[in-house]
Structure formats: C-alpha cells, structure tokens
$ cat final_9.csv   # CSV, N, CA and C atoms
chain,number,residue,atom,x,y,z
H,1,MET,N,153.1,136.8,12.1
H,1,MET,CA,154.5,136.5,12.2
H,1,MET,C,155.1,137.3,13.3
H,2,LYS,N,155.9,136.7,14.2
H,2,LYS,CA,156.5,137.3,15.3
H,2,LYS,C,158.0,137.1,15.1
H,3,LYS,N,158.8,138.1,15.6
H,3,LYS,CA,160.3,138.0,15.6
H,3,LYS,C,160.7,138.3,17.0
H,4,ILE,N,161.5,137.4,17.5
H,4,ILE,CA,162.1,137.6,18.9
H,4,ILE,C,163.6,137.6,18.7
H,5,ILE,N,164.3,138.6,19.3
H,5,ILE,CA,165.7,138.6,19.2
H,5,ILE,C,166.3,138.3,20.6
H,6,GLU,N,167.2,137.3,20.6
H,6,GLU,CA,167.9,136.9,21.8
H,6,GLU,C,169.3,137.4,21.7
H,7,TRP,N,169.8,138.2,22.6
H,7,TRP,CA,171.2,138.7,22.5
H,7,TRP,C,171.9,138.3,23.8
H,8,ILE,N,173.0,137.6,23.6
H,8,ILE,CA,173.7,137.1,24.8
H,8,ILE,C,175.2,137.6,24.7
H,9,ARG,N,175.6,138.4,25.7
H,9,ARG,CA,176.9,138.9,25.7
H,9,ARG,C,177.7,138.3,26.8
H,10,LEU,N,178.8,137.6,26.5
H,10,LEU,CA,179.6,137.0,27.5
H,10,LEU,C,181.0,137.7,27.4
H,11,SER,N,181.9,137.4,28.3
H,11,SER,CA,183.2,138.1,28.3
H,11,SER,C,184.0,138.0,27.0
H,12,ASN,N,183.8,136.9,26.3
H,12,ASN,CA,184.6,136.6,25.1
H,12,ASN,C,183.8,136.6,23.8
H,13,LYS,N,182.5,136.7,23.9
H,13,LYS,CA,181.7,136.6,22.7
H,13,LYS,C,180.3,137.2,22.8
H,14,VAL,N,179.7,137.4,21.6
H,14,VAL,CA,178.3,137.9,21.6
H,14,VAL,C,177.6,136.9,20.6
H,15,ILE,N,176.5,136.4,21.1
H,15,ILE,CA,175.7,135.4,20.3
H,15,ILE,C,174.3,136.1,20.1
H,16,GLU,N,173.8,136.1,18.9
H,16,GLU,CA,172.5,136.7,18.6
H,16,GLU,C,171.7,135.6,17.9
H,17,ASN,N,170.5,135.4,18.4
H,17,ASN,CA,169.6,134.5,17.7
H,17,ASN,C,168.3,135.2,17.4
H,18,GLU,N,167.9,135.2,16.2
H,18,GLU,CA,166.6,135.8,15.8
H,18,GLU,C,165.6,134.6,15.5
H,19,TYR,N,164.6,134.6,16.3
H,19,TYR,CA,163.5,133.6,16.3
H,19,TYR,C,162.4,134.1,15.4
H,20,TYR,N,161.9,133.4,14.5
H,20,TYR,CA,160.8,133.7,13.6
H,20,TYR,C,159.7,132.7,13.9
H,21,LEU,N,158.5,133.2,14.3
H,21,LEU,CA,157.4,132.3,14.7
H,21,LEU,C,156.2,132.7,13.8
H,22,ASN,N,155.5,131.7,13.4
H,22,ASN,CA,154.3,131.9,12.6
H,22,ASN,C,153.2,131.1,13.3
H,23,ASN,N,152.1,131.8,13.7
H,23,ASN,CA,151.0,131.1,14.4
H,23,ASN,C,151.5,130.4,15.7
H,24,GLY,N,152.5,131.0,16.3
H,24,GLY,CA,153.0,130.4,17.6
H,24,GLY,C,153.9,129.3,17.4
H,25,LYS,N,154.4,129.0,16.2
H,25,LYS,CA,155.3,127.9,15.9
H,25,LYS,C,156.6,128.4,15.3
H,26,LEU,N,157.7,127.9,15.8
H,26,LEU,CA,159.0,128.3,15.3
H,26,LEU,C,159.1,127.8,13.9
H,27,ILE,N,159.5,128.7,13.0
H,27,ILE,CA,159.8,128.3,11.6
H,27,ILE,C,161.2,128.6,11.1
H,28,PHE,N,161.9,129.5,11.8
H,28,PHE,CA,163.3,129.8,11.4
H,28,PHE,C,164.0,130.5,12.5
H,29,ILE,N,165.3,130.2,12.5
H,29,ILE,CA,166.3,130.8,13.4
H,29,ILE,C,167.5,131.3,12.6
H,30,TYR,N,167.8,132.6,12.8
H,30,TYR,CA,169.1,133.1,12.2
H,30,TYR,C,170.0,133.3,13.4
H,31,SER,N,171.1,132.6,13.4
H,31,SER,CA,172.0,132.7,14.6
H,31,SER,C,173.4,133.2,14.1
H,32,THR,N,174.0,134.0,14.9
H,32,THR,CA,175.4,134.5,14.7
H,32,THR,C,176.2,134.4,15.9
H,33,GLY,N,177.5,134.1,15.8
H,33,GLY,CA,178.4,134.1,16.9
H,33,GLY,C,179.6,134.9,16.5
H,34,ASN,N,179.8,135.9,17.4
H,34,ASN,CA,180.9,136.9,17.2
H,34,ASN,C,181.8,136.8,18.4
H,35,TYR,N,183.1,136.8,18.2
H,35,TYR,CA,184.1,136.6,19.3
H,35,TYR,C,185.0,137.9,19.4
H,36,TYR,N,185.4,138.2,20.6
H,36,TYR,CA,186.4,139.2,20.8
H,36,TYR,C,187.7,138.6,20.7
H,37,ARG,N,188.7,139.2,20.1
H,37,ARG,CA,190.0,138.7,20.0
H,37,ARG,C,190.7,138.8,21.3
H,38,PHE,N,191.5,137.8,21.7
H,38,PHE,CA,192.3,137.9,22.9
H,38,PHE,C,193.7,138.5,22.5
H,39,ASN,N,194.1,139.5,23.2
H,39,ASN,CA,195.4,140.1,23.0
H,39,ASN,C,196.4,139.5,23.9
H,40,GLU,N,197.3,138.7,23.4
H,40,GLU,CA,198.3,138.0,24.2
H,40,GLU,C,199.2,139.0,24.9
H,41,HIS,N,199.5,140.1,24.3
H,41,HIS,CA,200.4,141.1,24.9
H,41,HIS,C,199.8,141.7,26.1
H,42,THR,N,198.6,142.1,26.1
H,42,THR,CA,197.9,142.7,27.2
H,42,THR,C,197.2,141.7,28.1
H,43,GLN,N,197.1,140.5,27.6
H,43,GLN,CA,196.4,139.4,28.4
H,43,GLN,C,195.0,139.8,28.7
H,44,SER,N,194.3,140.4,27.6
H,44,SER,CA,192.9,140.8,27.8
H,44,SER,C,192.2,140.7,26.4
H,45,PHE,N,190.9,140.8,26.5
H,45,PHE,CA,190.2,140.8,25.2
H,45,PHE,C,190.1,142.2,24.7
H,46,ASP,N,190.1,142.3,23.3
H,46,ASP,CA,190.0,143.6,22.6
H,46,ASP,C,188.5,143.8,22.4
H,47,TYR,N,187.8,144.6,23.2
H,47,TYR,CA,186.4,144.8,23.1
H,47,TYR,C,186.0,145.8,22.1
H,48,SER,N,187.0,146.3,21.3
H,48,SER,CA,186.7,147.3,20.3
H,48,SER,C,186.3,146.6,19.0
H,49,LYS,N,186.6,145.3,18.8
H,49,LYS,CA,186.3,144.6,17.6
H,49,LYS,C,185.7,143.2,17.8
H,50,LEU,N,184.7,142.9,17.1
H,50,LEU,CA,184.1,141.6,17.1
H,50,LEU,C,184.5,140.9,15.8
H,51,GLU,N,184.8,139.6,15.9
H,51,GLU,CA,185.1,138.8,14.7
H,51,GLU,C,184.0,137.8,14.5
H,52,ASN,N,183.3,137.8,13.4
H,52,ASN,CA,182.3,136.8,13.1
H,52,ASN,C,182.9,135.4,12.9
H,53,VAL,N,182.4,134.5,13.7
H,53,VAL,CA,183.0,133.1,13.5
H,53,VAL,C,181.9,132.1,13.1
H,54,PHE,N,180.6,132.6,13.2
H,54,PHE,CA,179.6,131.6,12.9
H,54,PHE,C,178.3,132.4,12.4
H,55,LYS,N,177.7,131.8,11.4
H,55,LYS,CA,176.4,132.2,10.9
H,55,LYS,C,175.6,131.0,10.6
H,56,GLY,N,174.4,130.9,10.9
H,56,GLY,CA,173.6,129.8,10.6
H,56,GLY,C,172.1,130.1,10.5
H,57,GLY,N,171.5,129.3,9.6
H,57,GLY,CA,170.0,129.4,9.5
H,57,GLY,C,169.4,128.0,9.8
H,58,TYR,N,168.4,127.9,10.6
H,58,TYR,CA,167.8,126.7,11.0
H,58,TYR,C,166.3,126.8,10.6
H,59,TYR,N,165.9,125.8,9.8
H,59,TYR,CA,164.5,125.9,9.3
H,59,TYR,C,163.7,124.8,10.0
H,60,PHE,N,162.5,125.1,10.4
H,60,PHE,CA,161.7,124.2,11.2
H,60,PHE,C,160.3,124.0,10.5
H,61,GLU,N,159.8,122.8,10.6
H,61,GLU,CA,158.4,122.5,10.2
H,61,GLU,C,157.8,121.5,11.2
H,62,LYS,N,156.7,121.9,11.8
H,62,LYS,CA,156.0,121.0,12.8
H,62,LYS,C,156.9,120.6,13.9
H,63,GLU,N,157.7,121.7,14.4
H,63,GLU,CA,158.6,121.5,15.5
H,63,GLU,C,159.7,120.5,15.2
H,64,LYS,N,160.1,120.3,14.0
H,64,LYS,CA,161.2,119.5,13.6
H,64,LYS,C,162.2,120.3,12.7
H,65,LEU,N,163.5,120.1,12.9
H,65,LEU,CA,164.5,120.7,12.1
H,65,LEU,C,164.4,120.0,10.7
H,66,ILE,N,164.2,120.8,9.7
H,66,ILE,CA,164.1,120.2,8.3
H,66,ILE,C,165.3,120.6,7.5
H,67,LYS,N,166.1,121.7,7.9
H,67,LYS,CA,167.2,122.1,7.1
H,67,LYS,C,168.1,123.0,8.0
H,68,ALA,N,169.4,123.0,7.8
H,68,ALA,CA,170.3,123.9,8.5
H,68,ALA,C,171.4,124.3,7.5
H,69,THR,N,171.6,125.6,7.4
H,69,THR,CA,172.7,126.1,6.6
H,69,THR,C,173.7,126.8,7.5
H,70,LEU,N,174.8,126.2,7.7
H,70,LEU,CA,175.8,126.6,8.7
H,70,LEU,C,177.1,126.9,8.2
H,71,SER,N,177.7,127.9,8.7
H,71,SER,CA,179.1,128.4,8.2
H,71,SER,C,180.2,127.7,8.9
H,72,ASP,N,179.9,126.9,9.9
H,72,ASP,CA,181.0,126.3,10.7
H,72,ASP,C,180.8,124.8,10.9
H,73,LYS,N,181.8,124.1,10.6
H,73,LYS,CA,181.7,122.6,10.6
H,73,LYS,C,181.4,122.1,12.0
H,74,LYS,N,181.9,122.8,13.1
H,74,LYS,CA,181.6,122.4,14.5
H,74,LYS,C,180.1,122.4,14.8
H,75,GLN,N,179.4,123.4,14.2
H,75,GLN,CA,178.0,123.5,14.4
H,75,GLN,C,177.2,122.4,13.7
H,76,GLU,N,177.8,121.8,12.7
H,76,GLU,CA,177.1,120.6,12.0
H,76,GLU,C,176.9,119.5,13.0
H,77,ASP,N,178.0,119.3,13.9
H,77,ASP,CA,177.9,118.2,14.8
H,77,ASP,C,176.9,118.4,15.9
H,78,THR,N,176.5,119.6,16.2
H,78,THR,CA,175.6,119.9,17.3
H,78,THR,C,174.2,120.4,16.8
H,79,LYS,N,174.0,120.4,15.5
H,79,LYS,CA,172.8,121.1,15.0
H,79,LYS,C,171.5,120.5,15.5
H,80,GLU,N,171.4,119.2,15.8
H,80,GLU,CA,170.2,118.6,16.3
H,80,GLU,C,170.0,119.1,17.7
H,81,GLN,N,171.0,119.1,18.5
H,81,GLN,CA,171.0,119.5,19.9
H,81,GLN,C,170.6,121.0,19.9
H,82,ASP,N,171.3,121.8,19.1
H,82,ASP,CA,171.0,123.3,19.0
H,82,ASP,C,169.5,123.5,18.6
H,83,ALA,N,169.0,122.7,17.7
H,83,ALA,CA,167.6,122.9,17.2
H,83,ALA,C,166.7,122.6,18.4
H,84,ALA,N,167.0,121.6,19.2
H,84,ALA,CA,166.1,121.3,20.4
H,84,ALA,C,166.1,122.4,21.4
H,85,THR,N,167.3,123.0,21.6
H,85,THR,CA,167.4,124.1,22.5
H,85,THR,C,166.6,125.3,21.9
H,86,PHE,N,166.7,125.6,20.6
H,86,PHE,CA,166.0,126.7,20.0
H,86,PHE,C,164.5,126.5,20.2
H,87,LEU,N,164.0,125.3,20.0
H,87,LEU,CA,162.6,125.0,20.1
H,87,LEU,C,162.1,125.2,21.6
H,88,THR,N,162.9,124.8,22.5
H,88,THR,CA,162.5,125.0,23.9
H,88,THR,C,162.5,126.5,24.3
H,89,SER,N,163.6,127.2,23.8
H,89,SER,CA,163.6,128.6,24.1
H,89,SER,C,162.5,129.4,23.4
H,90,SER,N,162.2,129.0,22.2
H,90,SER,CA,161.1,129.7,21.5
H,90,SER,C,159.8,129.6,22.3
H,91,LYS,N,159.5,128.4,22.8
H,91,LYS,CA,158.3,128.2,23.6
H,91,LYS,C,158.3,129.1,24.9
H,92,HIS,N,159.4,129.2,25.5
H,92,HIS,CA,159.6,130.0,26.7
H,92,HIS,C,159.4,131.5,26.4
H,93,TYR,N,160.0,132.0,25.3
H,93,TYR,CA,159.9,133.4,24.9
H,93,TYR,C,158.5,133.7,24.5
H,94,LEU,N,157.8,132.8,23.8
H,94,LEU,CA,156.4,133.0,23.4
H,94,LEU,C,155.5,133.1,24.6
H,95,LYS,N,155.7,132.3,25.6
H,95,LYS,CA,154.9,132.4,26.9
H,95,LYS,C,155.1,133.8,27.5
H,96,LEU,N,156.4,134.2,27.6
H,96,LEU,CA,156.7,135.5,28.2
H,96,LEU,C,156.0,136.6,27.4
H,97,LEU,N,156.1,136.5,26.1
H,97,LEU,CA,155.5,137.6,25.2
H,97,LEU,C,154.0,137.6,25.4
H,98,ASN,N,153.4,136.4,25.4
H,98,ASN,CA,151.9,136.3,25.5
H,98,ASN,C,151.5,136.9,26.9
H,99,ALA,N,152.2,136.6,28.0
H,99,ALA,CA,151.9,137.1,29.3
H,99,ALA,C,152.0,138.6,29.3
H,100,HIS,N,153.0,139.1,28.7
H,100,HIS,CA,153.2,140.6,28.6
H,100,HIS,C,152.0,141.2,27.9
H,101,HIS,N,151.6,140.7,26.8
H,101,HIS,CA,150.4,141.2,26.0
H,101,HIS,C,149.1,141.1,26.9
H,102,LYS,N,149.0,140.0,27.6
H,102,LYS,CA,147.8,139.8,28.4
H,102,LYS,C,147.8,140.9,29.5
H,103,ARG,N,148.9,141.1,30.2
H,103,ARG,CA,149.0,142.2,31.2
H,103,ARG,C,148.6,143.5,30.7
H,104,LYS,N,149.1,143.8,29.5
H,104,LYS,CA,148.9,145.2,28.9
H,104,LYS,C,147.4,145.3,28.6
H,105,ARG,N,146.7,144.2,28.1
H,105,ARG,CA,145.3,144.3,27.8
H,105,ARG,C,144.5,144.5,29.1
H,106,GLN,N,144.9,143.9,30.2
H,106,GLN,CA,144.2,144.0,31.4
H,106,GLN,C,144.4,145.4,32.0
H,107,GLN,N,145.5,146.1,31.7
H,107,GLN,CA,145.7,147.4,32.2
H,107,GLN,C,144.9,148.5,31.5
H,108,SER,N,144.5,148.1,30.3
H,108,SER,CA,143.7,149.0,29.4
H,108,SER,C,142.3,149.2,29.8

$ encode --input "final_9.csv" --output "structure tokens"
Amino acid sequence: MKKIIEWIRLSNKVIENEYYLNNGKLIFIYSTGNYYRFNEHTQSFDYSKLENVFKGGYYFEKEKLIKATLSDKKQEDTKEQDAATFLTSSKHYLKLLNAHHKRKRQQS
C-alpha cells in the first residue's frame, strides 16, 4: 500500500488530495478543499484562517469509480471528471515515485 499526498496552495484556497494505491492501482482518494475568507473591508484574503468547504472520498476498483461520498452538491456534478483526473494524476505520481526509488537503488 502506498499513500501519496498532493497539496495545492492557491491565493484563495488549499486543496489536499490523499491518494491510496494498492499494487500500483488507485483504490481511494480523500480530498479536501479549504478556502481563505475574503475580507471586504481590507479587500484581501484572511490567510490566518481556512474554512473547510469540501470533503470527499472516491473509491476505485479496476480503474473505475465505484462510489463517491461528497459533502458538496457541486462536486456531485463533476465527480466522474474528477475521478478521471485523479486516475491520470495517480499514474503520473506513481511513475515519479518509481523513478525516484530506481535512482536511489542505482546510487546504492
């Protein structure tokens, strides 16, 4: 079992995706979306606080989404597209991880 954490920080939000892979295949994603509040008075984001606006679990079997538990209705509309993106990303991250391990073995 491997776990890969993807952490994306943008000016207005932080997205974290935890990829769980078994035998090189994606089996689960835990995804959260946290947003910084915009302060109308100062016309800037308040970077001292994050507000959770989304939590989701995506379950995969044989590279197909079999179940999604999502806290946000908007995510329901895009869950198939999101699942395809997660699958593509997981393959990319696994290639990077395997290349890293191969380099380390060659250096030993």

$ atom_distance --input "final_9.csv" --atom1 "atom C of Leu87 of chain H" --atom2 "atom CA of Gln106 of chain H"
27.7 Å

$ select_by_dssp --input "final_9.csv" --residues "chain H" --states "helix (DSSP H, G or I)" --output "JSON, numbers by chain"
{"H": [73, 74, 75, 76, 77, 78, 79, 80, 81, 82, 83, 84, 85, 86, 87, 88, 89, 90, 91, 92, 93, 94, 95, 96, 97, 98, 99, 100, 101, 102, 103, 104, 105, 106, 107]}

$ select_by_dssp --input "final_9.csv" --residues "chain H" --states "strand (DSSP E)" --output "count of residues only"
58

$ atom_distance --input "final_9.csv" --atom1 "atom C of Ile27 of chain H" --atom2 "atom C of Ile15 of chain H"
17.6 Å

$ residues_around --input "final_9.csv" --residues "Phe54 of chain H" --least-positions-apart "4" --cutoff "8 Å" --atoms "only C-alpha atoms" --output "list in words"
Ser31, Thr32, Gly33, Asn34, Leu70, Ser71 and Asp72 of chain H

$ residues_around --input "final_9.csv" --residues "Gly57 of chain H" --least-positions-apart "2" --cutoff "5 Å" --atoms "all atoms listed in the file" --output "list in words"
Ile29, Tyr30, Lys55, Tyr59, Ala68, Thr69 and Leu70 of chain H

$ atom_distance --input "final_9.csv" --atom1 "atom C of Glu76 of chain H" --atom2 "atom CA of Asn23 of chain H"
28.4 Å

$ closest_residue --input "final_9.csv" --among "H:Leu10, H:Leu21, H:Leu50, H:Leu65" --to "Ala84 of chain H" --atoms "only C-alpha atoms"
H:Leu65
